[in-house]
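Participant: Following this message is one structure expressed as C-alpha cells.
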Amino acid sequence: MCELSKCNKKLNFKKSLICSEIDGNPNQSNNELVGQSMSKPTALFDVHKNLNKRCELQRKCGARYTEYEHDVAAYLLLTSGKSAYTFNKANMSLPSVKSVHRHISRHTYDTREGVLMINTLVKYLKVNHFPKAVALSEDGTSLSPNPEYSARTDSVRGLVAPFDDKGMPVLDFFKASSAAKMVYDLKNYTVGEYLYVVMATPMAVGASPVCILYMCSDNKFTHLQVKQRWHYVESELRKAGVKVVSHASDGDSRLLRAMKERTRLPHPRANLLYGQYFVGNLDDDVVCIQDTIHLVNKLRHSLLNPKKKMVVGNLKIRN
C-alpha cells in the first residue's frame with residue numbers, strides 16, 4: 001500500500017527514460033553533474049554506463065546523483081520492487097533505497113487510503129493540457145496481508161474498514177488512539193488481502209491513467225455499494241469540472257450487475273440509432289463497459305463450447 005501511494009509521482013518516468021540523457025561528460029565531478037538538465041535521446045543502458053564510470057573511483061558514501069538519476073532509480077524501485085533493486089544496487093552504482101524514497105516523497109502528492117484524490121487528477125490534467133474528461137476503471141490486486149502502524153496517519157493500515165452510505169471506506173476508522181484500541185481492531189476486523197484501485201484515464205491519445213482512489217479490501221462488497229461509490233465519485237469530479245465518460249472493469253459479477261442495472265438491460269425498446277439488437281439505455285451520459293480482454297475471452301469460450309448457444313436478437317450463432 002505504501003508503494004501505491006507513490007504511484008502518482010509528478011514526473012513521467014517512461015518518457016524521460018527514452019527522451020533524455022545526462023548532458024555532460026562522464027568524467028565530470030559529482031558536484032558539476034548535480035542539477036544538469038537532460039537534452040539528448042539515449043538508451044537506459046547509457047545512463048547506467050555513464051553513472052558507473054563516474055562513480056567507480058568515488059567513495060561509497062561520497063557518491064552524488066542527479067535528479068534524473070534519482071528518477072531512473074525510482075522507476076526501477078517502483079517497477080521491480082525492493083528485493084530486485086537491492087540486487088541491482090549490489091552490482092552497479094545506484095542510490096540507496098532510503099535516498100530513493102526521500103526523492104519520491106519530494107515529488108509525490110499527498111495520498112491517503114480511502115480518500116478520493118481529485119486535486120491530484122486536476123493538477124495532472126492541467127499540467128499536461130488534457131481535456132477534463134476521464135474514463136474510470138477499477139480492479140483489485142492481491143497483496144501481502146500484513147497490518148502495520150503508519151506514523152504519517154497515526155493509524156493501523158492493512159485492515160478492512162466498513163463502508164459508509166457513499167460506498168466509501170470510513171476514514172480514520174483504525175486510529176491508534178490507544179494500545180487497547182489497536183489490539184481490539186486487529187482482533188475484530190478483517191486483514192485485507194486485496195488492494196482495490198480506481199484509475200482515471202484522460203480522454204487524450206497516449207495519456208497515462210492516474211490513481212484517484214485505493215483502499216484495502218477483503219473482496220466482500222455488494223453491487224449496491226458499487227453504485228453508491230460511482231454516484232459519489234461522479235458527483236465529486238463534477239464539482240471539480242471533470243466529466244466521467246465511462247466505467248470499466250473486469251468480469252466481476254457485482255460490477256457487471258451494477259452496470260446492467262444502470263443501463264437497464266435489457267431495455268424494453270430497441271435503440272433505433274444502433275439497430276434492433278441494441279437494447280441498452282443511452283439516456284445516461286456515462287457508458288458502462290467491460291474491458292476488451294475479458295470480453296473477447298468470454299466470446300471465445302462461448303464460441304468454442306458446443307454446449308452453449310449464442311443468441312443475438314432472434315438469431316442463433318452456431319458453432
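Chains: A, B, ... in order of the C-alpha cells. Residues: from 1 per chain. Ligands: from 1, in order shown.
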Under the rule of at most 8 Å, produce a per-residue listing of segment 89-194 of chain A near segment 230-246 of chain A: chain, number, name, the closest pair of atoms, and the distance in Å, as JSON lines, using only C-alpha atoms.

Facilitator:
```
{"residue": "A:Leu116", "atom": "CA", "partner": "A:Val233", "partner_atom": "CA", "distance": 7.6}
{"residue": "A:Ile118", "atom": "CA", "partner": "A:Leu237", "partner_atom": "CA", "distance": 6.8}
{"residue": "A:Val122", "atom": "CA", "partner": "A:Ala240", "partner_atom": "CA", "distance": 7.7}
{"residue": "A:Lys132", "atom": "CA", "partner": "A:Val242", "partner_atom": "CA", "distance": 4.7}
{"residue": "A:Ala133", "atom": "CA", "partner": "A:Lys243", "partner_atom": "CA", "distance": 4.6}
{"residue": "A:Val134", "atom": "CA", "partner": "A:Val244", "partner_atom": "CA", "distance": 5.2}
{"residue": "A:Ala135", "atom": "CA", "partner": "A:Ser246", "partner_atom": "CA", "distance": 4.9}
{"residue": "A:Leu136", "atom": "CA", "partner": "A:Ser246", "partner_atom": "CA", "distance": 6.0}
{"residue": "A:Lys166", "atom": "CA", "partner": "A:Tyr232", "partner_atom": "CA", "distance": 6.1}
{"residue": "A:Gly167", "atom": "CA", "partner": "A:Tyr232", "partner_atom": "CA", "distance": 7.9}
```

Participant: Residues of segment 187-225 of chain A that have any atom at most 10 Å from an atom of segment 152-165 of chain A: could you tabulate them with the shortest-distance atom pair and the distance in Å to one decimal, using only C-alpha atoms, ordered by chain and increasing number, as JSON lines?

Facilitator:
```
{"residue": "A:Asn188", "atom": "CA", "partner": "A:Leu159", "partner_atom": "CA", "distance": 9.8}
{"residue": "A:Tyr189", "atom": "CA", "partner": "A:Leu159", "partner_atom": "CA", "distance": 6.5}
{"residue": "A:Thr190", "atom": "CA", "partner": "A:Val160", "partner_atom": "CA", "distance": 5.6}
{"residue": "A:Val191", "atom": "CA", "partner": "A:Leu159", "partner_atom": "CA", "distance": 4.5}
{"residue": "A:Gly192", "atom": "CA", "partner": "A:Leu159", "partner_atom": "CA", "distance": 5.3}
{"residue": "A:Glu193", "atom": "CA", "partner": "A:Gly158", "partner_atom": "CA", "distance": 8.4}
{"residue": "A:Tyr194", "atom": "CA", "partner": "A:Gly158", "partner_atom": "CA", "distance": 9.4}
{"residue": "A:Leu195", "atom": "CA", "partner": "A:Gly158", "partner_atom": "CA", "distance": 9.3}
{"residue": "A:Met215", "atom": "CA", "partner": "A:Val160", "partner_atom": "CA", "distance": 8.1}
{"residue": "A:Cys216", "atom": "CA", "partner": "A:Val160", "partner_atom": "CA", "distance": 5.5}
{"residue": "A:Ser217", "atom": "CA", "partner": "A:Val160", "partner_atom": "CA", "distance": 5.5}
{"residue": "A:Asp218", "atom": "CA", "partner": "A:Val160", "partner_atom": "CA", "distance": 6.6}
{"residue": "A:Asn219", "atom": "CA", "partner": "A:Val160", "partner_atom": "CA", "distance": 9.6}
{"residue": "A:Lys220", "atom": "CA", "partner": "A:Val160", "partner_atom": "CA", "distance": 9.8}
{"residue": "A:Phe221", "atom": "CA", "partner": "A:Phe163", "partner_atom": "CA", "distance": 8.8}
{"residue": "A:Gln225", "atom": "CA", "partner": "A:Phe163", "partner_atom": "CA", "distance": 7.9}
```

Participant: Since we have the selection now, will you write its residues out, keeping C-alpha atoms, as a PDB file, in the first residue's frame?

Facilitator:
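Produced file part_19.pdb, reproduced below:
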```
ATOM      1  CA  ASN A 188     -12.104  -7.881  15.363  1.00  0.00           C
ATOM      2  CA  TYR A 189     -11.559  -6.628  11.818  1.00  0.00           C
ATOM      3  CA  THR A 190     -10.515  -8.460   8.687  1.00  0.00           C
ATOM      4  CA  VAL A 191      -6.974  -8.228   7.408  1.00  0.00           C
ATOM      5  CA  GLY A 192      -7.028  -7.042   3.815  1.00  0.00           C
ATOM      6  CA  GLU A 193      -5.859  -9.458   1.152  1.00  0.00           C
ATOM      7  CA  TYR A 194      -6.564  -7.187  -1.799  1.00  0.00           C
ATOM      8  CA  LEU A 195      -5.818  -3.629  -2.803  1.00  0.00           C
ATOM      9  CA  MET A 215      -8.396   1.013  -0.372  1.00  0.00           C
ATOM     10  CA  CYS A 216      -7.719  -2.218   1.467  1.00  0.00           C
ATOM     11  CA  SER A 217     -10.313  -4.875   0.675  1.00  0.00           C
ATOM     12  CA  ASP A 218     -11.377  -8.397   1.567  1.00  0.00           C
ATOM     13  CA  ASN A 219     -13.320  -8.608  -1.718  1.00  0.00           C
ATOM     14  CA  LYS A 220     -16.633  -8.575   0.164  1.00  0.00           C
ATOM     15  CA  PHE A 221     -18.889  -5.848  -1.173  1.00  0.00           C
ATOM     16  CA  GLN A 225     -22.104  -0.297  -2.736  1.00  0.00           C
TER      17      GLN A 225
END
```

Participant: Give the strand (DSSP E or B) residues of segment 159-297 of chain A, as assigned by DSSP on the backbone, as a ChimeraX atom specification.

Facilitator: /A:159,163,169,175,191,194-202,210-217,243-249,287-290

Participant: Looking only at the backbone, which of the residues in segment 248-314 of chain A does DSSP tag as alpha helix (DSSP H), as a short mmCIF file (atom, residue, chain, number, x, y, z; two decimals) with all heavy atoms, in the first residue's frame?

Facilitator:
```cif
data_model
loop_
_atom_site.label_atom_id
_atom_site.label_comp_id
_atom_site.auth_asym_id
_atom_site.auth_seq_id
_atom_site.Cartn_x
_atom_site.Cartn_y
_atom_site.Cartn_z
N SER A 253 -18.86 -10.17 -11.06
CA SER A 253 -20.32 -10.23 -11.20
C SER A 253 -21.00 -9.04 -10.54
O SER A 253 -22.04 -8.58 -11.02
CB SER A 253 -20.84 -11.54 -10.60
OG SER A 253 -20.49 -11.65 -9.23
N ARG A 254 -20.44 -8.53 -9.44
CA ARG A 254 -21.07 -7.40 -8.75
C ARG A 254 -20.97 -6.12 -9.58
O ARG A 254 -21.92 -5.33 -9.66
CB ARG A 254 -20.42 -7.20 -7.38
CG ARG A 254 -20.68 -8.36 -6.43
CD ARG A 254 -19.63 -8.44 -5.35
NE ARG A 254 -18.31 -8.72 -5.89
CZ ARG A 254 -17.24 -8.94 -5.13
NH1 ARG A 254 -17.34 -8.92 -3.81
NH2 ARG A 254 -16.07 -9.18 -5.68
N LEU A 255 -19.84 -5.94 -10.22
CA LEU A 255 -19.67 -4.77 -11.08
C LEU A 255 -20.53 -4.89 -12.35
O LEU A 255 -21.12 -3.90 -12.79
CB LEU A 255 -18.19 -4.60 -11.45
CG LEU A 255 -17.31 -4.13 -10.30
CD1 LEU A 255 -15.86 -4.51 -10.52
CD2 LEU A 255 -17.41 -2.63 -10.11
N LEU A 256 -20.59 -6.09 -12.89
CA LEU A 256 -21.42 -6.28 -14.08
C LEU A 256 -22.90 -6.08 -13.77
O LEU A 256 -23.65 -5.55 -14.58
CB LEU A 256 -21.19 -7.69 -14.66
CG LEU A 256 -19.81 -7.95 -15.27
CD1 LEU A 256 -19.74 -9.37 -15.84
CD2 LEU A 256 -19.48 -6.93 -16.34
N ARG A 257 -23.32 -6.51 -12.57
CA ARG A 257 -24.72 -6.30 -12.18
C ARG A 257 -25.01 -4.80 -12.02
O ARG A 257 -26.08 -4.32 -12.42
CB ARG A 257 -25.03 -7.03 -10.88
CG ARG A 257 -26.50 -6.90 -10.47
CD ARG A 257 -26.82 -7.73 -9.26
NE ARG A 257 -28.20 -7.52 -8.84
CZ ARG A 257 -28.76 -8.11 -7.78
NH1 ARG A 257 -28.04 -8.95 -7.04
NH2 ARG A 257 -30.02 -7.86 -7.47
N ALA A 258 -24.07 -4.07 -11.43
CA ALA A 258 -24.24 -2.63 -11.30
C ALA A 258 -24.34 -1.97 -12.67
O ALA A 258 -25.14 -1.05 -12.89
CB ALA A 258 -23.07 -2.03 -10.50
N MET A 259 -23.52 -2.44 -13.62
CA MET A 259 -23.58 -1.91 -14.97
C MET A 259 -24.91 -2.25 -15.64
O MET A 259 -25.51 -1.40 -16.32
CB MET A 259 -22.43 -2.49 -15.81
CG MET A 259 -21.04 -2.05 -15.38
SD MET A 259 -19.77 -2.79 -16.44
CE MET A 259 -18.29 -2.08 -15.73
N LYS A 260 -25.36 -3.47 -15.44
CA LYS A 260 -26.61 -3.91 -16.06
C LYS A 260 -27.78 -3.10 -15.54
O LYS A 260 -28.66 -2.68 -16.31
CB LYS A 260 -26.83 -5.40 -15.77
CG LYS A 260 -28.09 -5.97 -16.41
CD LYS A 260 -28.22 -7.45 -16.12
CE LYS A 260 -29.50 -8.01 -16.74
NZ LYS A 260 -29.66 -9.45 -16.44
N GLU A 261 -27.82 -2.85 -14.24
CA GLU A 261 -28.91 -2.07 -13.67
C GLU A 261 -28.85 -0.62 -14.11
O GLU A 261 -29.88 0.02 -14.32
CB GLU A 261 -28.88 -2.17 -12.14
CG GLU A 261 -29.24 -3.55 -11.62
CD GLU A 261 -29.33 -3.60 -10.10
OE1 GLU A 261 -29.15 -2.53 -9.46
OE2 GLU A 261 -29.58 -4.69 -9.56
N ARG A 262 -27.64 -0.09 -14.25
CA ARG A 262 -27.51 1.31 -14.66
C ARG A 262 -27.96 1.51 -16.10
O ARG A 262 -28.56 2.53 -16.43
CB ARG A 262 -26.07 1.78 -14.48
CG ARG A 262 -25.86 3.22 -14.87
CD ARG A 262 -24.67 3.83 -14.21
NE ARG A 262 -24.59 5.25 -14.49
CZ ARG A 262 -23.72 6.07 -13.88
NH1 ARG A 262 -22.89 5.61 -12.97
NH2 ARG A 262 -23.69 7.35 -14.19
N THR A 292 -11.88 -5.09 -22.78
CA THR A 292 -11.92 -5.87 -24.02
C THR A 292 -11.30 -7.26 -23.87
O THR A 292 -11.74 -8.21 -24.52
CB THR A 292 -11.20 -5.11 -25.14
OG1 THR A 292 -9.88 -4.76 -24.69
CG2 THR A 292 -11.95 -3.84 -25.50
N ILE A 293 -10.28 -7.40 -23.02
CA ILE A 293 -9.61 -8.70 -22.88
C ILE A 293 -10.58 -9.74 -22.31
O ILE A 293 -10.72 -10.85 -22.84
CB ILE A 293 -8.36 -8.58 -21.99
CG1 ILE A 293 -7.32 -7.69 -22.67
CG2 ILE A 293 -7.78 -9.95 -21.67
CD1 ILE A 293 -6.07 -7.45 -21.85
N HIS A 294 -11.28 -9.38 -21.21
CA HIS A 294 -12.24 -10.31 -20.64
C HIS A 294 -13.42 -10.54 -21.60
O HIS A 294 -13.95 -11.66 -21.69
CB HIS A 294 -12.77 -9.77 -19.30
CG HIS A 294 -11.79 -9.89 -18.19
ND1 HIS A 294 -10.78 -8.98 -17.98
CD2 HIS A 294 -11.65 -10.82 -17.20
CE1 HIS A 294 -10.07 -9.34 -16.93
NE2 HIS A 294 -10.57 -10.44 -16.44
N LEU A 295 -13.80 -9.50 -22.30
CA LEU A 295 -14.93 -9.62 -23.21
C LEU A 295 -14.62 -10.59 -24.35
O LEU A 295 -15.42 -11.47 -24.68
CB LEU A 295 -15.26 -8.24 -23.78
CG LEU A 295 -16.69 -7.99 -24.24
CD1 LEU A 295 -17.66 -8.21 -23.10
CD2 LEU A 295 -16.83 -6.57 -24.78
N VAL A 296 -13.43 -10.46 -24.94
CA VAL A 296 -13.05 -11.35 -26.04
C VAL A 296 -12.85 -12.78 -25.55
O VAL A 296 -13.20 -13.75 -26.24
CB VAL A 296 -11.76 -10.82 -26.72
CG1 VAL A 296 -11.24 -11.83 -27.72
CG2 VAL A 296 -12.04 -9.49 -27.41
N ASN A 297 -12.31 -12.95 -24.34
CA ASN A 297 -12.14 -14.30 -23.79
C ASN A 297 -13.49 -14.99 -23.60
O ASN A 297 -13.64 -16.18 -23.89
CB ASN A 297 -11.40 -14.24 -22.46
CG ASN A 297 -9.89 -14.14 -22.65
OD1 ASN A 297 -9.36 -14.54 -23.68
ND2 ASN A 297 -9.20 -13.60 -21.66
N LYS A 298 -14.47 -14.23 -23.08
CA LYS A 298 -15.80 -14.82 -22.92
C LYS A 298 -16.41 -15.18 -24.27
O LYS A 298 -17.06 -16.23 -24.41
CB LYS A 298 -16.71 -13.82 -22.18
CG LYS A 298 -16.43 -13.72 -20.69
CD LYS A 298 -17.46 -12.83 -20.01
CE LYS A 298 -17.24 -12.80 -18.51
NZ LYS A 298 -18.23 -11.96 -17.81
N LEU A 299 -16.22 -14.32 -25.25
CA LEU A 299 -16.74 -14.60 -26.59
C LEU A 299 -16.08 -15.85 -27.16
O LEU A 299 -16.75 -16.72 -27.74
CB LEU A 299 -16.48 -13.40 -27.49
CG LEU A 299 -16.91 -13.55 -28.96
CD1 LEU A 299 -18.41 -13.77 -29.06
CD2 LEU A 299 -16.49 -12.32 -29.76
N ARG A 300 -14.78 -15.98 -26.97
CA ARG A 300 -14.06 -17.15 -27.48
C ARG A 300 -14.55 -18.43 -26.82
O ARG A 300 -14.82 -19.43 -27.50
CB ARG A 300 -12.56 -16.98 -27.22
CG ARG A 300 -11.71 -18.13 -27.76
CD ARG A 300 -10.28 -18.03 -27.27
NE ARG A 300 -10.22 -18.17 -25.81
CZ ARG A 300 -9.09 -18.16 -25.11
NH1 ARG A 300 -7.95 -17.97 -25.74
NH2 ARG A 300 -9.11 -18.30 -23.81
N HIS A 301 -14.69 -18.41 -25.49
CA HIS A 301 -15.17 -19.61 -24.78
C HIS A 301 -16.58 -19.99 -25.22
O HIS A 301 -16.90 -21.17 -25.35
CB HIS A 301 -15.13 -19.37 -23.28
CG HIS A 301 -13.74 -19.23 -22.72
ND1 HIS A 301 -12.68 -19.98 -23.18
CD2 HIS A 301 -13.23 -18.41 -21.76
CE1 HIS A 301 -11.58 -19.64 -22.52
NE2 HIS A 301 -11.89 -18.70 -21.66
N SER A 302 -17.41 -18.98 -25.44
CA SER A 302 -18.78 -19.27 -25.86
C SER A 302 -18.82 -19.87 -27.25
O SER A 302 -19.60 -20.79 -27.54
CB SER A 302 -19.63 -17.99 -25.82
OG SER A 302 -19.71 -17.48 -24.50
N LEU A 303 -17.96 -19.38 -28.12
CA LEU A 303 -17.94 -19.89 -29.48
C LEU A 303 -17.38 -21.31 -29.55
O LEU A 303 -17.80 -22.12 -30.38
CB LEU A 303 -17.10 -18.97 -30.38
CG LEU A 303 -17.71 -17.60 -30.71
CD1 LEU A 303 -16.71 -16.74 -31.45
CD2 LEU A 303 -18.98 -17.76 -31.54
N LEU A 304 -16.42 -21.63 -28.67
CA LEU A 304 -15.77 -22.94 -28.71
C LEU A 304 -16.49 -24.00 -27.87
O LEU A 304 -16.17 -25.18 -27.97
CB LEU A 304 -14.32 -22.81 -28.23
CG LEU A 304 -13.41 -21.93 -29.10
CD1 LEU A 304 -12.01 -21.86 -28.49
CD2 LEU A 304 -13.35 -22.45 -30.53
#
```

Participant: Enter the distance from atom CA of Leu171 of chain A to atom CA of Glu113 of chain A, in Å, rounded to one decimal.

Facilitator: 8.2 Å

Participant: Near Ala73 of chain A, counting only C-alpha atoms, which residues have an atom at most 7 Å away, once you skip same-chain residues fewer than 5 positions from it, shown as a list of chain:residue names?

Facilitator: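 Returned residues: A:Leu94, A:Pro95, A:Val100.
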
Participant: Counting only C-alpha atoms, what is within 9 Å of His48 of chain A, bar same-chain residues fewer than 5 positions away, as a PyMOL selection string?

Facilitator: chain A and resi 53+69+92-94

Participant: Restrict the selected residues to all heavy atoms and save them as a compact mmCIF listing (two decimals), in the first residue's frame.

Facilitator:
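Contents of the output file again.txt:
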```
# COMPACT_ATOMS: atom_id res chain seq x y z
N LYS A 53 30.71 4.74 -14.63
CA LYS A 53 32.03 5.30 -14.94
C LYS A 53 32.37 6.44 -13.99
O LYS A 53 33.51 6.59 -13.55
CB LYS A 53 32.06 5.80 -16.38
CG LYS A 53 32.19 4.69 -17.42
CD LYS A 53 32.30 5.29 -18.81
CE LYS A 53 32.48 4.19 -19.86
NZ LYS A 53 32.58 4.76 -21.24
N GLU A 69 19.02 10.89 -12.44
CA GLU A 69 19.47 9.57 -11.99
C GLU A 69 18.60 9.05 -10.85
O GLU A 69 18.34 7.85 -10.75
CB GLU A 69 20.94 9.65 -11.58
CG GLU A 69 21.87 9.84 -12.77
CD GLU A 69 23.26 10.28 -12.37
OE1 GLU A 69 23.49 10.60 -11.18
OE2 GLU A 69 24.14 10.31 -13.26
N MET A 92 25.79 -2.55 -9.37
CA MET A 92 26.01 -1.31 -10.13
C MET A 92 25.81 -0.12 -9.20
O MET A 92 25.32 -0.26 -8.09
CB MET A 92 25.06 -1.23 -11.33
CG MET A 92 23.60 -1.15 -10.96
SD MET A 92 22.51 -1.04 -12.40
CE MET A 92 22.67 -2.70 -13.05
N SER A 93 26.19 1.04 -9.67
CA SER A 93 26.06 2.25 -8.87
C SER A 93 24.63 2.76 -8.91
O SER A 93 24.12 3.11 -9.98
CB SER A 93 27.00 3.34 -9.39
OG SER A 93 28.35 2.95 -9.24
N LEU A 94 23.98 2.77 -7.75
CA LEU A 94 22.61 3.26 -7.62
C LEU A 94 22.45 3.93 -6.26
O LEU A 94 23.15 3.55 -5.30
CB LEU A 94 21.59 2.12 -7.74
CG LEU A 94 21.34 1.54 -9.13
CD1 LEU A 94 20.49 0.28 -9.03
CD2 LEU A 94 20.66 2.57 -10.03
```

Participant: When you count only C-alpha atoms, which of these residues is closest to Ser177 of chain A: A:Ser208, A:Arg229, A:Pro202, A:Tyr149?

Facilitator: A:Tyr149
